[in-house]
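Okay, data.cif is below, mmCIF, C-alpha atoms and all ligand atoms:
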data_data
loop_
_atom_site.label_atom_id
_atom_site.label_comp_id
_atom_site.auth_asym_id
_atom_site.auth_seq_id
_atom_site.Cartn_x
_atom_site.Cartn_y
_atom_site.Cartn_z
CA MET A 1 0.00 0.00 0.00
CA LYS A 2 0.96 3.62 -0.55
CA PRO A 3 -0.64 6.91 0.47
CA LYS A 4 -2.93 8.23 -2.25
CA VAL A 5 -4.96 11.41 -1.95
CA THR A 6 -7.04 13.61 -4.21
CA THR A 7 -6.34 17.22 -3.24
CA PRO A 8 -7.37 19.63 -2.02
CA LEU A 9 -8.54 17.93 1.13
CA PRO A 10 -11.09 17.64 2.64
CA GLY A 11 -13.07 15.77 0.00
CA PRO A 12 -16.85 16.26 -0.27
CA LYS A 13 -17.91 13.56 2.20
CA ALA A 14 -15.35 14.62 4.80
CA ARG A 15 -16.46 18.22 4.41
CA GLU A 16 -20.09 17.23 4.95
CA LEU A 17 -19.29 15.28 8.12
CA MET A 18 -17.16 18.13 9.46
CA GLU A 19 -20.06 20.52 8.93
CA ARG A 20 -22.53 18.19 10.65
CA GLY A 21 -20.11 17.98 13.55
CA GLN A 22 -20.02 21.74 13.89
CA ALA A 23 -23.78 21.73 14.49
CA VAL A 24 -23.93 19.16 17.30
CA LEU A 25 -20.53 18.51 18.83
CA SER A 26 -19.04 20.22 21.84
CA PRO A 27 -16.91 23.18 20.80
CA SER A 28 -14.16 21.81 23.04
CA TYR A 29 -13.19 19.21 20.40
CA ILE A 30 -9.98 20.09 18.57
CA ARG A 31 -9.77 19.37 14.85
CA PRO A 32 -6.12 19.86 13.82
CA TYR A 33 -7.09 19.10 10.21
CA PRO A 34 -10.20 17.76 8.47
CA PHE A 35 -9.49 14.03 8.48
CA VAL A 36 -12.55 11.76 8.67
CA PRO A 37 -11.65 8.05 8.86
CA ALA A 38 -13.72 5.28 7.34
CA ARG A 39 -11.53 2.20 7.89
CA GLY A 40 -7.98 1.14 8.66
CA GLN A 41 -5.61 -1.67 7.74
CA GLY A 42 -2.11 -2.08 9.13
CA VAL A 43 -0.54 1.39 9.29
CA PHE A 44 -2.92 2.90 6.74
CA LEU A 45 -6.21 4.71 7.19
CA GLU A 46 -8.75 5.35 4.47
CA ASP A 47 -10.99 8.39 4.77
CA VAL A 48 -14.68 8.67 3.83
CA ASP A 49 -13.72 9.92 0.35
CA GLY A 50 -11.47 6.95 -0.40
CA ASN A 51 -8.15 8.76 0.21
CA LEU A 52 -5.41 6.61 1.70
CA PHE A 53 -3.15 7.93 4.48
CA LEU A 54 -0.03 6.63 6.17
CA ASP A 55 -0.63 6.97 9.90
CA PHE A 56 2.21 8.45 11.96
CA MET A 57 -0.01 9.32 14.93
CA ALA A 58 -1.83 6.05 15.79
CA GLY A 59 -4.79 7.77 17.47
CA ILE A 60 -2.36 9.63 19.78
CA ALA A 61 0.09 6.79 20.30
CA VAL A 62 -2.63 4.22 20.92
CA ASN A 63 -2.90 1.77 18.03
CA THR A 64 0.14 -0.32 18.90
CA THR A 65 -0.64 -3.15 16.49
CA GLY A 66 -2.12 -0.96 13.75
CA TYR A 67 -5.63 -1.35 12.41
CA ALA A 68 -7.55 -4.61 12.24
CA HIS A 69 -4.68 -6.81 13.39
CA PRO A 70 -6.01 -10.38 12.97
CA LYS A 71 -4.73 -11.51 16.39
CA VAL A 72 -6.44 -8.59 18.15
CA LEU A 73 -9.66 -9.10 16.17
CA GLU A 74 -9.67 -12.79 17.04
CA ALA A 75 -9.20 -12.11 20.77
CA VAL A 76 -11.86 -9.40 20.81
CA ARG A 77 -14.39 -11.53 18.95
CA ALA A 78 -13.81 -14.57 21.16
CA GLN A 79 -14.25 -12.59 24.39
CA ALA A 80 -17.27 -10.62 23.07
CA GLU A 81 -18.98 -13.95 22.39
CA ARG A 82 -18.41 -15.04 26.02
CA PHE A 83 -19.26 -11.74 27.75
CA ALA A 84 -18.22 -8.13 27.33
CA HIS A 85 -18.81 -6.85 30.82
CA VAL A 86 -19.34 -8.15 34.31
CA CYS A 87 -18.14 -5.40 36.66
CA PHE A 88 -14.54 -6.30 37.62
CA SER A 89 -14.74 -4.01 40.68
CA ASP A 90 -17.27 -6.52 42.06
CA PHE A 91 -16.39 -9.86 40.46
CA THR A 92 -13.17 -11.58 39.44
CA HIS A 93 -12.98 -12.83 35.86
CA GLU A 94 -10.35 -14.58 33.83
CA PRO A 95 -9.23 -12.22 31.06
CA THR A 96 -8.72 -9.27 33.40
CA LEU A 97 -7.25 -11.28 36.28
CA SER A 98 -4.69 -12.93 34.02
CA LEU A 99 -3.88 -9.53 32.52
CA ALA A 100 -3.07 -8.29 36.05
CA GLU A 101 -0.88 -11.36 36.64
CA ARG A 102 0.89 -10.77 33.37
CA LEU A 103 1.60 -7.10 34.03
CA VAL A 104 2.88 -7.84 37.54
CA ALA A 105 5.12 -10.60 36.15
CA ARG A 106 6.55 -8.11 33.62
CA LEU A 107 7.61 -5.92 36.55
CA GLY A 108 9.26 -8.89 38.21
CA GLY A 109 6.53 -9.31 40.87
CA GLY A 110 5.74 -7.32 44.00
CA TYR A 111 3.08 -5.05 42.49
CA ARG A 112 -0.72 -4.91 42.55
CA VAL A 113 -3.07 -3.70 39.84
CA PHE A 114 -6.17 -1.51 39.62
CA PHE A 115 -7.82 -1.20 36.20
CA GLY A 116 -9.57 1.86 34.75
CA ASN A 117 -10.67 2.92 31.29
CA SER A 118 -8.35 5.79 30.43
CA GLY A 119 -5.05 7.38 31.28
CA THR A 120 -6.81 10.10 33.24
CA GLU A 121 -8.63 7.55 35.37
CA GLY A 122 -5.34 5.80 36.08
CA ILE A 123 -3.81 9.08 37.24
CA GLU A 124 -6.85 9.91 39.41
CA ALA A 125 -6.53 6.51 41.04
CA ALA A 126 -2.80 7.11 41.57
CA ILE A 127 -3.47 10.46 43.27
CA LYS A 128 -5.91 8.82 45.65
CA LEU A 129 -3.58 5.87 46.29
CA VAL A 130 -0.49 7.92 47.17
CA ARG A 131 -2.44 10.30 49.39
CA HIS A 132 -4.23 7.44 51.11
CA HIS A 133 -1.05 5.47 51.69
CA THR A 134 1.27 8.25 52.83
CA GLY A 135 -1.26 10.52 54.54
CA ARG A 136 0.78 13.37 53.02
CA PRO A 137 -1.01 16.24 51.28
CA TYR A 138 1.44 17.53 48.64
CA LEU A 139 2.08 16.30 45.09
CA LEU A 140 4.91 17.29 42.77
CA ALA A 141 4.83 17.41 38.97
CA PHE A 142 6.79 19.01 36.13
CA THR A 143 5.88 22.00 34.02
CA GLY A 144 5.25 20.74 30.50
CA ALA A 145 3.60 17.62 31.94
CA PHE A 146 0.33 16.17 30.74
CA HIS A 147 -1.47 13.80 33.09
CA GLY A 148 -5.09 14.16 31.99
CA ARG A 149 -8.10 16.43 32.14
CA SER A 150 -10.31 15.51 35.09
CA LEU A 151 -9.91 17.95 37.95
CA GLY A 152 -7.38 15.89 39.91
CA ALA A 153 -5.29 14.92 36.90
CA LEU A 154 -5.64 18.44 35.47
CA SER A 155 -4.13 19.81 38.67
CA LEU A 156 -0.93 17.96 37.71
CA THR A 157 -1.13 18.84 34.00
CA ALA A 158 1.00 21.85 33.10
CA SER A 159 1.67 21.61 29.39
CA LYS A 160 -0.60 24.54 28.43
CA SER A 161 -2.34 27.02 30.69
CA ALA A 162 -5.30 26.94 28.24
CA TYR A 163 -6.11 23.44 29.55
CA ARG A 164 -6.57 24.89 33.05
CA LYS A 165 -8.15 28.24 32.17
CA GLY A 166 -11.62 28.65 33.65
CA PHE A 167 -11.51 25.50 35.80
CA SER A 168 -9.90 26.69 39.02
CA PRO A 169 -9.68 26.15 41.89
CA LEU A 170 -7.99 22.86 41.14
CA LEU A 171 -6.67 20.37 43.67
CA PRO A 172 -4.73 22.16 46.40
CA GLY A 173 -1.23 20.99 47.28
CA VAL A 174 0.19 20.48 43.78
CA VAL A 175 3.61 22.05 43.25
CA HIS A 176 5.24 22.26 39.81
CA VAL A 177 8.96 22.09 39.14
CA PRO A 178 10.62 23.10 35.82
CA PHE A 179 11.24 20.09 33.56
CA PRO A 180 14.88 19.56 32.55
CA ASN A 181 14.24 20.14 28.85
CA PRO A 182 17.64 19.94 27.14
CA PHE A 183 16.38 21.87 24.09
CA ARG A 184 14.94 24.80 26.05
CA PRO A 185 16.69 24.57 29.42
CA PRO A 186 14.93 26.41 32.26
CA LEU A 187 16.57 28.12 35.27
CA GLY A 188 19.24 29.77 33.12
CA ALA A 189 20.95 26.39 32.71
CA SER A 190 22.63 24.87 29.65
CA PRO A 191 21.67 21.51 28.09
CA GLU A 192 24.58 19.98 29.99
CA THR A 193 23.73 21.47 33.41
CA VAL A 194 19.93 21.46 33.31
CA GLY A 195 19.51 18.15 35.17
CA GLU A 196 21.61 19.35 38.13
CA ALA A 197 19.90 22.76 38.07
CA VAL A 198 16.46 21.17 38.43
CA LEU A 199 17.61 18.91 41.27
CA GLU A 200 19.10 21.93 43.06
CA TYR A 201 15.85 23.83 42.54
CA LEU A 202 13.92 20.97 44.11
CA GLU A 203 16.24 20.90 47.13
CA HIS A 204 15.80 24.67 47.37
CA LEU A 205 11.99 24.20 47.43
CA PHE A 206 12.35 21.58 50.16
CA ARG A 207 14.50 23.96 52.25
CA THR A 208 12.30 27.03 51.82
CA VAL A 209 8.58 26.36 51.19
CA LEU A 210 7.74 22.70 50.82
CA PRO A 211 8.47 20.35 53.74
CA PRO A 212 9.53 17.16 51.93
CA GLU A 213 8.04 14.93 54.64
CA GLU A 214 4.63 16.31 53.62
CA VAL A 215 5.04 15.36 49.94
CA ALA A 216 3.28 12.14 48.94
CA ALA A 217 4.61 11.64 45.43
CA PHE A 218 6.27 13.04 42.32
CA PHE A 219 4.25 12.36 39.17
CA LEU A 220 6.31 12.37 35.97
CA GLU A 221 6.39 11.16 32.39
CA PRO A 222 9.73 9.44 31.66
CA ILE A 223 9.48 11.14 28.25
CA GLN A 224 7.12 14.11 28.13
CA GLY A 225 4.33 13.46 25.64
CA GLU A 226 1.89 16.33 25.09
CA GLY A 227 4.67 18.65 26.25
CA GLY A 228 6.55 17.93 23.00
CA TYR A 229 8.10 14.44 23.14
CA VAL A 230 10.96 15.68 25.28
CA VAL A 231 13.54 13.27 26.70
CA PRO A 232 15.19 14.38 29.97
CA PRO A 233 19.01 14.27 30.18
CA ALA A 234 20.53 10.79 30.58
CA GLY A 235 20.83 9.82 34.23
CA PHE A 236 18.51 12.58 35.47
CA LEU A 237 15.63 10.31 36.46
CA SER A 238 17.78 7.98 38.53
CA LYS A 239 19.28 10.94 40.42
CA LEU A 240 15.78 12.32 41.00
CA LYS A 241 14.61 8.95 42.27
CA ALA A 242 17.52 8.79 44.75
CA LEU A 243 16.65 12.27 46.00
CA LEU A 244 12.96 11.38 46.44
CA GLU A 245 13.87 8.20 48.29
CA ARG A 246 15.79 10.22 50.87
CA TYR A 247 12.50 11.89 51.85
CA GLY A 248 10.16 8.92 51.45
CA ILE A 249 8.48 10.56 48.44
CA LEU A 250 6.91 8.06 46.03
CA LEU A 251 7.74 8.09 42.32
CA VAL A 252 4.71 7.76 40.05
CA ALA A 253 5.69 7.04 36.45
CA ASP A 254 2.97 8.15 34.06
CA GLU A 255 3.71 5.74 31.22
CA VAL A 256 0.33 6.34 29.61
CA GLN A 257 1.98 7.51 26.39
CA SER A 258 5.54 6.17 26.71
CA GLY A 259 4.64 2.67 27.93
CA ALA A 260 3.45 -0.54 26.27
CA GLY A 261 6.47 -0.85 24.00
CA ARG A 262 6.35 2.58 22.36
CA THR A 263 10.01 3.36 23.12
CA GLY A 264 11.25 -0.10 22.16
CA ARG A 265 11.05 -1.37 25.76
CA PHE A 266 7.85 -2.21 27.60
CA LEU A 267 8.34 0.79 29.91
CA ALA A 268 10.31 3.91 29.07
CA LEU A 269 11.80 3.87 32.58
CA GLU A 270 13.59 0.63 31.69
CA HIS A 271 15.98 2.73 29.60
CA GLU A 272 17.02 4.45 32.84
CA GLY A 273 17.42 1.20 34.76
CA ILE A 274 15.10 2.29 37.57
CA GLN A 275 11.71 1.20 38.86
CA ALA A 276 8.87 3.43 40.00
CA ASP A 277 6.70 2.87 43.07
CA VAL A 278 3.63 3.37 40.93
CA TYR A 279 3.05 3.09 37.16
CA VAL A 280 0.10 4.15 35.07
CA LEU A 281 -0.38 2.51 31.68
CA ALA A 282 -3.17 3.13 29.18
CA LYS A 283 -3.15 4.26 25.53
CA GLY A 284 -1.19 1.55 23.69
CA LEU A 285 -1.90 -1.28 26.13
CA ALA A 286 -4.87 -2.74 24.24
CA SER A 287 -4.38 -1.47 20.66
CA GLY A 288 -7.30 0.98 20.80
CA TYR A 289 -9.63 -0.71 23.29
CA PRO A 290 -10.06 1.46 26.38
CA ILE A 291 -8.22 0.20 29.45
CA SER A 292 -5.75 1.61 31.94
CA ALA A 293 -3.67 -0.14 34.56
CA LEU A 294 -2.46 1.39 37.80
CA LEU A 295 0.39 -0.75 39.10
CA PHE A 296 1.63 -0.06 42.62
CA ARG A 297 4.18 -1.67 44.91
CA GLU A 298 2.51 -4.23 47.17
CA GLU A 299 3.44 -2.27 50.32
CA LEU A 300 1.34 0.68 49.14
CA GLY A 301 -1.89 -1.33 49.19
CA SER A 302 -3.34 0.11 52.37
CA TRP A 303 -6.67 1.13 50.86
CA ARG A 304 -9.52 -1.21 51.75
CA PRO A 305 -12.44 -2.71 49.73
CA GLY A 306 -14.58 0.13 48.42
CA ALA A 307 -11.89 2.81 48.78
CA HIS A 308 -11.81 3.03 44.99
CA GLY A 309 -13.86 1.46 42.20
CA THR A 310 -15.26 1.77 38.69
CA THR A 311 -18.03 0.18 36.61
CA PHE A 312 -16.22 -0.39 33.34
CA GLY A 313 -12.55 -0.47 34.39
CA GLY A 314 -10.88 -3.72 33.31
CA GLN A 315 -13.71 -4.57 30.92
CA ALA A 316 -13.25 -8.07 29.55
CA VAL A 317 -13.07 -7.30 25.81
CA ALA A 318 -10.48 -4.58 26.41
CA ALA A 319 -8.54 -7.03 28.59
CA ALA A 320 -8.61 -9.61 25.78
CA ALA A 321 -7.31 -6.97 23.35
CA ALA A 322 -4.54 -6.18 25.86
CA HIS A 323 -3.55 -9.87 26.00
CA ALA A 324 -3.32 -10.02 22.21
CA THR A 325 -1.29 -6.80 22.19
CA LEU A 326 1.08 -8.17 24.85
CA ASP A 327 1.46 -11.44 22.89
CA LEU A 328 2.61 -9.42 19.91
CA LEU A 329 4.82 -7.06 21.93
CA GLU A 330 6.50 -10.01 23.64
CA GLY A 331 6.73 -11.88 20.34
CA GLY A 332 9.20 -9.39 18.84
CA LEU A 333 7.20 -6.21 18.25
CA MET A 334 9.13 -4.21 20.86
CA GLU A 335 12.48 -5.09 19.28
CA HIS A 336 10.99 -4.24 15.89
CA ALA A 337 9.83 -0.83 17.18
CA ALA A 338 13.34 -0.19 18.55
CA ARG A 339 14.94 -1.04 15.17
CA VAL A 340 12.53 0.97 13.02
CA GLY A 341 12.67 3.81 15.56
CA THR A 342 16.48 3.95 15.35
CA TYR A 343 16.27 4.00 11.55
CA LEU A 344 13.69 6.82 11.58
CA LEU A 345 15.62 8.86 14.15
CA GLU A 346 18.85 8.61 12.17
CA GLU A 347 17.16 9.52 8.89
CA LEU A 348 15.37 12.45 10.52
CA LYS A 349 18.66 13.68 11.98
CA ALA A 350 20.13 13.52 8.48
CA LEU A 351 17.17 15.59 7.21
CA GLN A 352 17.80 18.10 9.99
CA LYS A 353 21.30 18.74 8.57
CA ARG A 354 19.74 19.65 5.20
CA PHE A 355 16.81 21.64 6.59
CA PRO A 356 18.09 23.79 9.47
CA PHE A 357 14.60 25.08 10.35
CA LEU A 358 14.12 21.64 11.87
CA GLY A 359 15.45 22.71 15.27
CA ASP A 360 15.55 19.42 17.14
CA VAL A 361 15.07 15.70 16.53
CA ARG A 362 14.70 13.60 19.68
CA GLY A 363 13.06 10.52 21.07
CA ARG A 364 13.29 6.82 21.70
CA GLY A 365 11.88 3.93 19.71
CA LEU A 366 8.75 5.06 17.90
CA MET A 367 8.23 8.08 20.15
CA ILE A 368 10.02 10.77 18.16
CA GLY A 369 9.64 14.54 18.38
CA LEU A 370 10.53 17.02 15.64
CA ASP A 371 10.84 20.56 16.95
CA PHE A 372 10.42 23.37 14.46
CA GLY A 373 11.38 26.08 16.92
CA THR A 374 14.72 27.19 18.28
CA PRO A 375 15.74 27.29 21.94
CA GLU A 376 14.74 30.98 21.91
CA GLU A 377 11.69 30.94 19.64
CA GLU A 378 8.76 28.52 19.46
CA ARG A 379 7.44 28.92 15.87
CA PRO A 380 4.13 27.04 16.17
CA HIS A 381 3.04 28.37 12.74
CA LEU A 382 5.86 26.64 10.93
CA ARG A 383 5.06 23.40 12.77
CA ASP A 384 1.35 23.69 11.92
CA GLN A 385 2.24 24.20 8.26
CA VAL A 386 4.24 20.97 8.29
CA VAL A 387 1.27 19.07 9.74
CA GLU A 388 -1.20 20.56 7.23
CA ARG A 389 1.04 19.97 4.20
CA ALA A 390 1.83 16.42 5.27
CA PHE A 391 -1.92 15.76 5.54
CA GLN A 392 -2.45 17.06 2.00
CA LYS A 393 0.20 14.55 0.86
CA GLY A 394 -1.27 11.58 2.72
CA LEU A 395 0.74 11.51 5.96
CA LEU A 396 -1.07 11.87 9.30
CA LEU A 397 0.91 13.73 11.95
CA LEU A 398 -0.01 15.36 15.22
CA GLN A 399 1.29 18.38 17.09
CA ALA A 400 2.88 18.15 20.55
CA GLY A 401 4.06 20.97 22.79
CA PRO A 402 4.62 24.52 21.65
CA SER A 403 6.44 23.77 18.41
CA ALA A 404 6.90 20.04 17.89
CA VAL A 405 5.38 17.33 15.76
CA ARG A 406 5.12 13.88 17.27
CA ILE A 407 5.95 10.78 15.27
CA ALA A 408 4.05 7.96 16.94
CA PRO A 409 3.06 5.39 14.33
CA PRO A 410 1.70 1.93 15.07
CA LEU A 411 4.63 -0.21 16.24
CA ILE A 412 4.13 -2.59 13.31
CA LEU A 413 5.45 0.11 10.94
CA SER A 414 7.96 -1.51 8.56
CA LYS A 415 11.19 0.12 7.44
CA GLU A 416 9.71 0.53 3.95
CA GLU A 417 6.65 2.29 5.37
CA ALA A 418 8.90 4.46 7.52
CA ALA A 419 10.79 5.41 4.35
CA MET A 420 7.49 6.39 2.69
CA GLY A 421 6.77 8.77 5.56
CA LEU A 422 10.28 10.21 5.36
CA GLU A 423 9.83 10.85 1.66
CA ILE A 424 6.66 12.85 2.30
CA LEU A 425 8.31 14.79 5.11
CA GLU A 426 11.24 15.63 2.84
CA GLU A 427 8.84 16.87 0.15
CA VAL A 428 7.10 19.07 2.72
CA PHE A 429 10.43 20.46 3.94
CA ARG A 430 11.51 21.26 0.37
CA GLU A 431 8.34 23.28 -0.13
CA LEU A 432 8.72 25.35 3.04
C1 LIG B 1 1.22 10.98 29.70
C2 LIG B 1 -0.27 11.02 29.68
N1 LIG B 1 -0.94 10.85 30.82
C3 LIG B 1 -2.29 10.85 30.86
C4 LIG B 1 -3.03 11.06 29.71
C5 LIG B 1 -4.52 11.04 29.76
O1 LIG B 1 -4.97 9.89 29.16
P1 LIG B 1 -6.45 9.77 28.58
O2 LIG B 1 -6.57 10.76 27.48
O3 LIG B 1 -6.55 8.35 28.13
O4 LIG B 1 -7.38 10.05 29.69
C6 LIG B 1 -2.36 11.25 28.49
C7 LIG B 1 -3.13 11.50 27.27
O5 LIG B 1 -2.63 12.04 26.30
C8 LIG B 1 -0.95 11.24 28.47
O6 LIG B 1 -0.27 11.42 27.35
#

Output the file's structure as structure tokens, nothing else.
Amino acid sequence: MKPKVTTPLPGPKARELMERGQAVLSPSYIRPYPFVPARGQGVFLEDVDGNLFLDFMAGIAVNTTGYAHPKVLEAVRAQAERFAHVCFSDFTHEPTLSLAERLVARLGGGYRVFFGNSGTEGIEAAIKLVRHHTGRPYLLAFTGAFHGRSLGALSLTASKSAYRKGFSPLLPGVVHVPFPNPFRPPLGASPETVGEAVLEYLEHLFRTVLPPEEVAAFFLEPIQGEGGYVVPPAGFLSKLKALLERYGILLVADEVQSGAGRTGRFLALEHEGIQADVYVLAKGLASGYPISALLFREELGSWRPGAHGTTFGGQAVAAAAAHATLDLLEGGLMEHAARVGTYLLEELKALQKRFPFLGDVRGRGLMIGLDFGTPEEERPHLRDQVVERAFQKGLLLLQAGPSAVRIAPPLILSKEEAAMGLEILEEVFREL
């Protein structure tokens, strides 16, 4: 397959659906460009007008195994024939129980699992868990972070003030710390010193305004997602973890976007060689079926029956899709994502040499950010032009952060398909 589009987009049917949407849908929906899907196969999506697109966004880093993977379809169909839903908060059932066992085994044991339906729900559960267990009121998070949109999760989110505007007061007791972004270092630091500068800032907070023994947990994304696909400096996270341990502060790794094989390892934290006290997984875990998993160290399980619950969380069909996804990830898909990701990253870095307006290329596995700004200037317009032009040529991209594009294709992307995407990107860059 190859991308094939009749321009200008949108076509007539897509235009009609977009117009109908304007009449009935909440104005809060974003529409970065007028794409209206009809069906998908592998890493390709066809729109309602019969145009064919190569998908480099995977429904925001969700569709791990692409569209209509036969193994996922088979698992979903088989479970749907047995039962879709018997509330897992009330009753144990096989597909979801064995999913919990499988996830705990992946972490080497010693964890417990609570299932939800979305990343946000996983984060909400994590907030309640760490407060309940520690009895401490404060939570730490990074600027640039995205942890979700419900009021608790939103209190941690700090990627755009627009997400928070009009919704205050949010949860009290959340303190934000500058993220050690090597491309745009905060605190007057350089890319080389930014990690140390942030750790010193945190110690300064602890000395002056924030008693560390009153902090329950630090929530962080091992690679910032919505914030722009930003990788912290090597070694930073393990130093941060050591610092937190000194004060009994729990580390919550929000692996909603970076987990489930996206970076070429099951968890992005594995690249740092450290373990978190709490993990939240969602997005890619079940190839598009809604499920999230909160995994917490056994010792943190002080909440009692009824302290937290959900009707749909851990729904059986989603759990079956997660099993099929894990089968594929464990059957070589993670290594494949690492290989294709390395190829893409190297090729994109080569493109950067030819097109200097591409300010930064960064990432791990198939979680790659292209930044069209400079350390001093954000340039969202240039970035938006890249996304729009790529769409018109049959490549689906998505924005992230102030000036970046995220490359987050299904992990089944082949090297040949990656090359197709690179070709389109190069064409777009030549036109700019
Ligand atoms: C790191 C991270 N955490 C949490 C969320 C929220 O997940 P959801 O949209 O499934 O509620 C997202 C969504 O983009 C995310 O990227």

Problem set entry | Test item: residues no farther than 7 Å from ligand LIG 1 (chain B), counting only C-alpha atoms and all ligand atoms, as a VMD selection string | chain A and resid 60 118 to 121 123 146 to 149 221 224 to 226 254 to 257 282 to 283

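Closest approach to Val72 of chain A among A:Leu45, A:Ile30, A:Leu326, A:Leu382 is made by A:Leu326 (distances from all atoms listed in the file).
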
Exercise. Looking at A:Leu333, A:Gln315, A:Leu396, A:Leu187, which one is nearest to Val36 of chain A, with distances taken over all atoms listed in the file?
Worked result: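 Among the listed residues, the smallest separation from Val36 of chain A belongs to A:Leu396.
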
Exercise. Pick the closest to Glu192 of chain A from A:Ile424, A:Ala320, A:Ala234, A:Ala100: which is it, counting only C-alpha atoms?
Worked result: A:Ala234

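Residues in contact range of segment 372-374 of chain A, defined as at most 10 Å between only C-alpha atoms, with sequence neighbours fewer than 5 positions away removed, read Phe183, Arg184, Pro356, Phe357, Leu358, Gly359, Asp360, Val361, Arg379, Pro380, His381, Leu382, Arg383, Asp384, Val386, Pro402, Ser403, Ala404 and Val405 of chain A.
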
For this session: For Asp55 of chain A, list every protein, DNA or RNA residue within 8 Å, evaluated using all atoms listed in the file, and leave out those in the same chain fewer than 4 positions away; present the list as a PyMOL selection string.
Result: chain A and resi 43-45+395-397+409-410

Expected file contents, prior selection, C-alpha atoms, as a JSON list (two decimals), in the coordinates of the input:
[["chain", "number", "residue", "atom", "x", "y", "z"],
["A", 43, "VAL", "CA", -0.54, 1.39, 9.29],
["A", 44, "PHE", "CA", -2.92, 2.90, 6.74],
["A", 45, "LEU", "CA", -6.21, 4.71, 7.19],
["A", 395, "LEU", "CA", 0.74, 11.51, 5.96],
["A", 396, "LEU", "CA", -1.07, 11.87, 9.30],
["A", 397, "LEU", "CA", 0.91, 13.73, 11.95],
["A", 409, "PRO", "CA", 3.06, 5.39, 14.33],
["A", 410, "PRO", "CA", 1.70, 1.93, 15.07]]

For this session: List the neighbours of Tyr67 of chain A out to 7 Å using all atoms listed in the file; skip same-chain residues closer than 5 positions along the sequence, and give me the result as a VMD selection string.
Result: chain A and resid 40 to 43

For this session: Considering only C-alpha atoms, state which residue in the set A:Leu348, A:Ala286, A:Leu54, A:Leu107 is at the smallest distance from Leu73 of chain A.
Result: A:Ala286

Exercise. Looking at A:Gln392, A:Gly195, A:Val175, A:Gly301, which one is nearest to Val209 of chain A, with distances taken over all atoms listed in the file?
Worked result: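 With all atoms listed in the file as the atom set, the closest residue is A:Val175.
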